[in-house]
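For reference, the structure discussed in these notes is given below.
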Amino acid sequence: MIPAADRSEVWLERLEPYAERLKEAPELIVEGRLCRMVGLTLEAEGCRAPIGSLCLVEAKDGSRIGAEVVGFAGERLFLMPTGSTHGLEPGCRVIPLGTNSLAKVGFGLLGRVLNGAGQPLDAKGPLLVDDQVPLSGKPINPLSRKPIRELLDVGVRPINALFSVGRGQRMGLFAGTGVGKSILLGMMTRFTSADVVVVGLIGERGREVNEFVLKILGEEGLHRAVVVASPADDSPLMRVHGALLATSIAEYFRDQGLDVLLLMDSLTRYAQAYREIALAIDEPPATKGYPPSVFAKLPQLVERAGNADEEGGSITAFYTVLAEGDDTNDPIADAARGVLDGHIVLSRELAESGHYPAIDIEASISRVMADIVEPDHQQKARKLKQLYSIYQQNKDLISVGAYQPGSDPRIDYAIAKNNEILAFLQQDMNEAVDISRSLTELSQLIDE
């Protein structure tokens with residue numbers, strides 16, 4: 001047993017069973033030695049281990065840290081540590097554990113807040129779960145997935161009415177900093193009709209993690225939710241594992257036949273963490289500093305969400321994508337649009353004017369809406385967008401008084417309806433609006 005005094009990282013609790021197994025069968029241990037450390041990467045020689053497998057690195061003072069094999073060159077292994085490397089030096093023991101990362105899953109996770117290693121961050125005692133699944137997930141045959149045919153109520157009127165979300169759909173939430181994306185995620189967490197909500201807070205500031213759990217999510221939203229938090233000061237490997245863990249937990253509940261809402265904040269921070277790992281093992285950058293492997297990892301993560309087979313449940317996922325400098329065409333945002341089933345864009349201009357949620361309805365789209373709503377609903381949503389767009393296109397003329405009423409009946413009607421449309425598109429963060437009410441109010445607005 002690893003002495004408690006040496007457990008500088010909670011990761012060690014996860015590795016302890018494997019270390020015990022190797023002590024019982026010492027012939028399985030082929031130790032290596034730490035020979036080099038460059039940046040975030042440890043290099044070991046004298047041992048062999050496959051990509052993705054776990055290792056223990058033992059310092060001269062007996063303390064141990066966890067690490068994962070992320071690459072190799074010749075007889076050398078590249079390891080990415082899960083925490084602080086303080087105290088390591090050349091010649092430290094490297095012990096391959098012969099196993100890949102596993103995620104502990106079960107209904108005992110509901111109401112809990114975990115870190116990227118799957119250990120509790122709250123003060124609610126140990127996790128009462130027994131099942132384990134691979135952190136990397138299991139691929140699903142695309143032909144065996146159920147088609148997206150049913151609506152999922154997210155409790156937010158503009159989304160329910162204009163960008164209807166289907167069970168098993170994967171949506172992007174594109175936003176810059178400070179435009180209300182966390183509040184919108186919290187609203188969906190509390191108001192959705194999904195059975196279980198899994199929230200992945202990846203690369204966020206520690207203060208924002210606490211604020212999201214206590215204020216935005218609250219006890220009401222937490223009782224049927226699982227929160228995985230890997231803040232910005234975690235190692236890049238831990239942040240990557242946080243995103244994979246949140247997805248693995250969502251997959252477990254989906255396999256139990258439940259409808260799951262997965263909220264990942266953010267896909268950009270996941271990509272940035274993987275970029276740090278790839279650059280640390282000398283993978284050349286390709287697009288704005290992002291190595292090619294990053295763009296391969298995005299669809300691998302996103303494709304794990306969605307519907308299971310006919311007897312299984314669903315994972316409806318929202319992935320936030322940070323628009324650096326409010327540019328929604330940066331490499332990660334552009335790649336995300338290609339693998340998602342739609343996107344909702346939050347506008348800084350609307351947020352600064354006090355319009356919340358600050359959804360830019362002209363730039364947003366749901367690619368499966370036509371398959372899951374009635375033709376009448378689709379027609380009314382399209383008409384509202386047209387009225388909004390007509391007003392925005394002529395806004396400058398209207399505001400300076402250059403437009404003469406009666407010149408164009410469409411513009412006259414858009415002006416008459418503008419205040420009602422703006423009121424329809426706004427919603428208080430503590431107000432829940434279900435699908436039925438959303439459609440009723442949409443019909444009242446358009447039919448008048």
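Ligands are numbered from 1 in the order shown, chains are lettered A, B, ... in the order of the structure tokens, and residues start at 1 in each chain.
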
Interface rows for region 292-381 of chain A against region 158-164 of chain A: nearest pair, Å to one decimal, 12 Å, only C-alpha atoms, as a Markdown table:
| residue | atom | partner | partner_atom | distance |
| --- | --- | --- | --- | --- |
| A:Asp341 | CA | A:Phe163 | CA | 11.1 |
| A:Gly342 | CA | A:Phe163 | CA | 8.7 |
| A:His343 | CA | A:Phe163 | CA | 8.9 |
| A:Ile344 | CA | A:Phe163 | CA | 8.2 |
| A:Val345 | CA | A:Ile159 | CA | 11.3 |
| A:Tyr356 | CA | A:Pro158 | CA | 10.4 |
| A:Pro357 | CA | A:Pro158 | CA | 8.4 |
| A:Ala358 | CA | A:Pro158 | CA | 10.1 |
| A:Ile359 | CA | A:Pro158 | CA | 8.0 |
| A:Asp360 | CA | A:Pro158 | CA | 10.2 |
| A:Ile361 | CA | A:Leu162 | CA | 8.0 |
| A:Glu362 | CA | A:Leu162 | CA | 10.6 |
| A:Ala363 | CA | A:Phe163 | CA | 11.3 |
| A:Ser364 | CA | A:Phe163 | CA | 7.8 |
| A:Ile365 | CA | A:Phe163 | CA | 6.1 |
| A:Ser366 | CA | A:Phe163 | CA | 5.1 |
| A:Arg367 | CA | A:Phe163 | CA | 8.6 |
| A:Val368 | CA | A:Ser164 | CA | 8.1 |
| A:Met369 | CA | A:Ser164 | CA | 5.5 |
| A:Ala370 | CA | A:Ser164 | CA | 8.9 |
| A:Asp371 | CA | A:Ser164 | CA | 10.0 |
| A:Ile372 | CA | A:Ser164 | CA | 7.9 |
| A:Val373 | CA | A:Ser164 | CA | 7.6 |
| A:Glu374 | CA | A:Ser164 | CA | 11.0 |
| A:Asp376 | CA | A:Ala161 | CA | 11.6 |
| A:His377 | CA | A:Ala161 | CA | 7.9 |
| A:Gln378 | CA | A:Leu162 | CA | 8.1 |
| A:Gln379 | CA | A:Leu162 | CA | 10.2 |
| A:Lys380 | CA | A:Leu162 | CA | 8.8 |
| A:Ala381 | CA | A:Leu162 | CA | 5.3 |

Tell me, which residues of region 60-173 of chain A carry DSSP helix (DSSP H, G or I), written as an MDAnalysis selection string?
-> chainID A and resid 107:109 142:144 157:162

Selected residues, all heavy atoms, written as a PDB file, in the first residue's frame, please.
ATOM      1  N   PHE A 107     -24.949   5.098 -10.318  1.00  0.00           N
ATOM      2  CA  PHE A 107     -25.944   6.080  -9.907  1.00  0.00           C
ATOM      3  C   PHE A 107     -25.518   6.832  -8.649  1.00  0.00           C
ATOM      4  O   PHE A 107     -26.079   7.867  -8.328  1.00  0.00           O
ATOM      5  CB  PHE A 107     -27.295   5.392  -9.688  1.00  0.00           C
ATOM      6  CG  PHE A 107     -28.002   5.050 -10.967  1.00  0.00           C
ATOM      7  CD1 PHE A 107     -27.777   3.841 -11.606  1.00  0.00           C
ATOM      8  CD2 PHE A 107     -28.868   5.957 -11.547  1.00  0.00           C
ATOM      9  CE1 PHE A 107     -28.413   3.532 -12.793  1.00  0.00           C
ATOM     10  CE2 PHE A 107     -29.515   5.657 -12.739  1.00  0.00           C
ATOM     11  CZ  PHE A 107     -29.287   4.442 -13.363  1.00  0.00           C
ATOM     12  N   GLY A 108     -24.509   6.324  -7.955  1.00  0.00           N
ATOM     13  CA  GLY A 108     -23.985   7.037  -6.794  1.00  0.00           C
ATOM     14  C   GLY A 108     -23.265   8.320  -7.148  1.00  0.00           C
ATOM     15  O   GLY A 108     -22.910   9.100  -6.261  1.00  0.00           O
ATOM     16  N   LEU A 109     -23.044   8.564  -8.441  1.00  0.00           N
ATOM     17  CA  LEU A 109     -22.398   9.802  -8.863  1.00  0.00           C
ATOM     18  C   LEU A 109     -23.361  10.984  -8.893  1.00  0.00           C
ATOM     19  O   LEU A 109     -22.922  12.138  -8.906  1.00  0.00           O
ATOM     20  CB  LEU A 109     -21.786   9.631 -10.261  1.00  0.00           C
ATOM     21  CG  LEU A 109     -20.635   8.632 -10.402  1.00  0.00           C
ATOM     22  CD1 LEU A 109     -20.187   8.566 -11.857  1.00  0.00           C
ATOM     23  CD2 LEU A 109     -19.463   9.020  -9.512  1.00  0.00           C
ATOM     24  N   PRO A 142     -22.504   3.350 -36.599  1.00  0.00           N
ATOM     25  CA  PRO A 142     -23.428   4.443 -36.948  1.00  0.00           C
ATOM     26  C   PRO A 142     -24.759   3.955 -37.505  1.00  0.00           C
ATOM     27  O   PRO A 142     -25.775   4.649 -37.382  1.00  0.00           O
ATOM     28  CB  PRO A 142     -22.640   5.250 -37.991  1.00  0.00           C
ATOM     29  CG  PRO A 142     -21.579   4.329 -38.487  1.00  0.00           C
ATOM     30  CD  PRO A 142     -21.244   3.430 -37.339  1.00  0.00           C
ATOM     31  N   LEU A 143     -24.779   2.761 -38.100  1.00  0.00           N
ATOM     32  CA  LEU A 143     -26.034   2.246 -38.651  1.00  0.00           C
ATOM     33  C   LEU A 143     -26.964   1.705 -37.572  1.00  0.00           C
ATOM     34  O   LEU A 143     -28.147   1.479 -37.825  1.00  0.00           O
ATOM     35  CB  LEU A 143     -25.739   1.146 -39.678  1.00  0.00           C
ATOM     36  CG  LEU A 143     -24.995   1.591 -40.934  1.00  0.00           C
ATOM     37  CD1 LEU A 143     -24.802   0.405 -41.868  1.00  0.00           C
ATOM     38  CD2 LEU A 143     -25.747   2.718 -41.638  1.00  0.00           C
ATOM     39  N   SER A 144     -26.425   1.479 -36.369  1.00  0.00           N
ATOM     40  CA  SER A 144     -27.264   0.950 -35.294  1.00  0.00           C
ATOM     41  C   SER A 144     -27.838   2.053 -34.406  1.00  0.00           C
ATOM     42  O   SER A 144     -28.654   1.777 -33.532  1.00  0.00           O
ATOM     43  CB  SER A 144     -26.454  -0.027 -34.431  1.00  0.00           C
ATOM     44  OG  SER A 144     -25.445   0.654 -33.699  1.00  0.00           O
ATOM     45  N   ARG A 157     -36.901  29.361 -23.967  1.00  0.00           N
ATOM     46  CA  ARG A 157     -37.890  29.643 -25.014  1.00  0.00           C
ATOM     47  C   ARG A 157     -37.280  29.846 -26.404  1.00  0.00           C
ATOM     48  O   ARG A 157     -37.748  29.215 -27.370  1.00  0.00           O
ATOM     49  CB  ARG A 157     -38.723  30.863 -24.610  1.00  0.00           C
ATOM     50  CG  ARG A 157     -39.771  31.258 -25.651  1.00  0.00           C
ATOM     51  CD  ARG A 157     -40.720  32.315 -25.082  1.00  0.00           C
ATOM     52  NE  ARG A 157     -39.973  33.405 -24.487  1.00  0.00           N
ATOM     53  CZ  ARG A 157     -40.203  33.902 -23.253  1.00  0.00           C
ATOM     54  NH1 ARG A 157     -41.175  33.414 -22.527  1.00  0.00           N
ATOM     55  NH2 ARG A 157     -39.489  34.884 -22.772  1.00  0.00           N
ATOM     56  N   PRO A 158     -36.260  30.695 -26.588  1.00  0.00           N
ATOM     57  CA  PRO A 158     -35.732  30.873 -27.955  1.00  0.00           C
ATOM     58  C   PRO A 158     -35.199  29.580 -28.565  1.00  0.00           C
ATOM     59  O   PRO A 158     -35.346  29.355 -29.770  1.00  0.00           O
ATOM     60  CB  PRO A 158     -34.606  31.907 -27.761  1.00  0.00           C
ATOM     61  CG  PRO A 158     -34.868  32.555 -26.458  1.00  0.00           C
ATOM     62  CD  PRO A 158     -35.574  31.559 -25.614  1.00  0.00           C
ATOM     63  N   ILE A 159     -34.589  28.728 -27.735  1.00  0.00           N
ATOM     64  CA  ILE A 159     -34.050  27.474 -28.261  1.00  0.00           C
ATOM     65  C   ILE A 159     -35.180  26.503 -28.569  1.00  0.00           C
ATOM     66  O   ILE A 159     -35.208  25.873 -29.629  1.00  0.00           O
ATOM     67  CB  ILE A 159     -33.047  26.860 -27.265  1.00  0.00           C
ATOM     68  CG1 ILE A 159     -31.864  27.809 -27.057  1.00  0.00           C
ATOM     69  CG2 ILE A 159     -32.556  25.506 -27.763  1.00  0.00           C
ATOM     70  CD1 ILE A 159     -30.841  27.320 -26.057  1.00  0.00           C
ATOM     71  N   ASN A 160     -36.121  26.349 -27.649  1.00  0.00           N
ATOM     72  CA  ASN A 160     -37.248  25.437 -27.876  1.00  0.00           C
ATOM     73  C   ASN A 160     -38.042  25.819 -29.128  1.00  0.00           C
ATOM     74  O   ASN A 160     -38.469  24.953 -29.895  1.00  0.00           O
ATOM     75  CB  ASN A 160     -38.187  25.451 -26.666  1.00  0.00           C
ATOM     76  CG  ASN A 160     -37.687  24.588 -25.525  1.00  0.00           C
ATOM     77  OD1 ASN A 160     -36.855  23.699 -25.723  1.00  0.00           O
ATOM     78  ND2 ASN A 160     -38.189  24.836 -24.338  1.00  0.00           N
ATOM     79  N   ALA A 161     -38.237  27.124 -29.337  1.00  0.00           N
ATOM     80  CA  ALA A 161     -39.114  27.572 -30.413  1.00  0.00           C
ATOM     81  C   ALA A 161     -38.399  27.693 -31.753  1.00  0.00           C
ATOM     82  O   ALA A 161     -38.951  27.316 -32.795  1.00  0.00           O
ATOM     83  CB  ALA A 161     -39.740  28.915 -30.046  1.00  0.00           C
ATOM     84  N   LEU A 162     -37.160  28.213 -31.755  1.00  0.00           N
ATOM     85  CA  LEU A 162     -36.503  28.554 -33.010  1.00  0.00           C
ATOM     86  C   LEU A 162     -35.382  27.603 -33.398  1.00  0.00           C
ATOM     87  O   LEU A 162     -35.032  27.507 -34.583  1.00  0.00           O
ATOM     88  CB  LEU A 162     -35.939  29.978 -32.923  1.00  0.00           C
ATOM     89  CG  LEU A 162     -36.937  31.078 -32.555  1.00  0.00           C
ATOM     90  CD1 LEU A 162     -36.244  32.424 -32.521  1.00  0.00           C
ATOM     91  CD2 LEU A 162     -38.108  31.098 -33.523  1.00  0.00           C
TER      92      LEU A 162
END

Mind listing the strand (DSSP E or B) residues of region 21-202 of chain A, per DSSP on the backbone, as a PyMOL selection string?
-> chain A and resi 32-38+41-45+53-58+64-73+76-81+93-100+102-105+113-114+120+131-134+151+166+170-175+196-202

Please identify all polymer residues within 6 Å of Arg93 (chain A), counting only C-alpha atoms, omitting same-chain residues fewer than 2 positions from it, and present them as a PyMOL selection string.
-> chain A and resi 32-33+57-58

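Nearest to Leu114 (chain A) of all the residues A:Ser136, A:Thr316, A:Ser230, A:Gln427 is A:Ser230, based on only C-alpha atoms.
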
Selection near region 231-244 of chain A, 7 Å with only C-alpha atoms, sequence-local residues under 3 positions removed, as an NGL selection string | :A and (80 or 82-83 or 115-117 or 135-136 or 200 or 202-206 or 228 or 247-248 or 270 or 273-274 or 276-277)

Find the distance between CA of Gly166 (chain A) and CA of Arg149 (chain A) and write it in Å to one decimal.
->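 If I compute the distance from CA of Gly166 (chain A) to CA of Arg149 (chain A), I get 6.6 Å.
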
Distance in Å - CA of Leu445 (chain A) versus CA of Thr192 (chain A) |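 Interatomic distance here is 23.8 Å.
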
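Shortest atom-to-atom contact with Ile411 (chain A) among A:Ile390, A:Ala73, A:Val197, A:Leu217: A:Ile390, counting only C-alpha atoms.
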
Mind checking which residues fall within 7 Å of region 288-291 of chain A, counting only C-alpha atoms, ignoring those fewer than 3 positions away in the same chain, and posting them as a VMD selection string?
-> chain A and resid 275 278 283 to 285 294

Ala175 (chain A) surroundings by only C-alpha atoms, 12 Å radius, close-in-sequence under 2 positions cut, as JSON, numbers by chain = {"A": [172, 173, 177, 178, 179, 180, 181, 182, 184, 265, 266, 267, 268, 319, 320, 321, 322, 323, 324, 325, 326, 327, 328, 329, 330, 333, 343, 344, 345, 346, 347, 348, 349, 350, 351, 357, 358, 359, 360, 363, 364]}

Between CA of Leu439 (chain A) and CA of Ala194 (chain A), what is the distance, to one decimal in Å?
->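 Between these atoms lies a distance of 19.0 Å.
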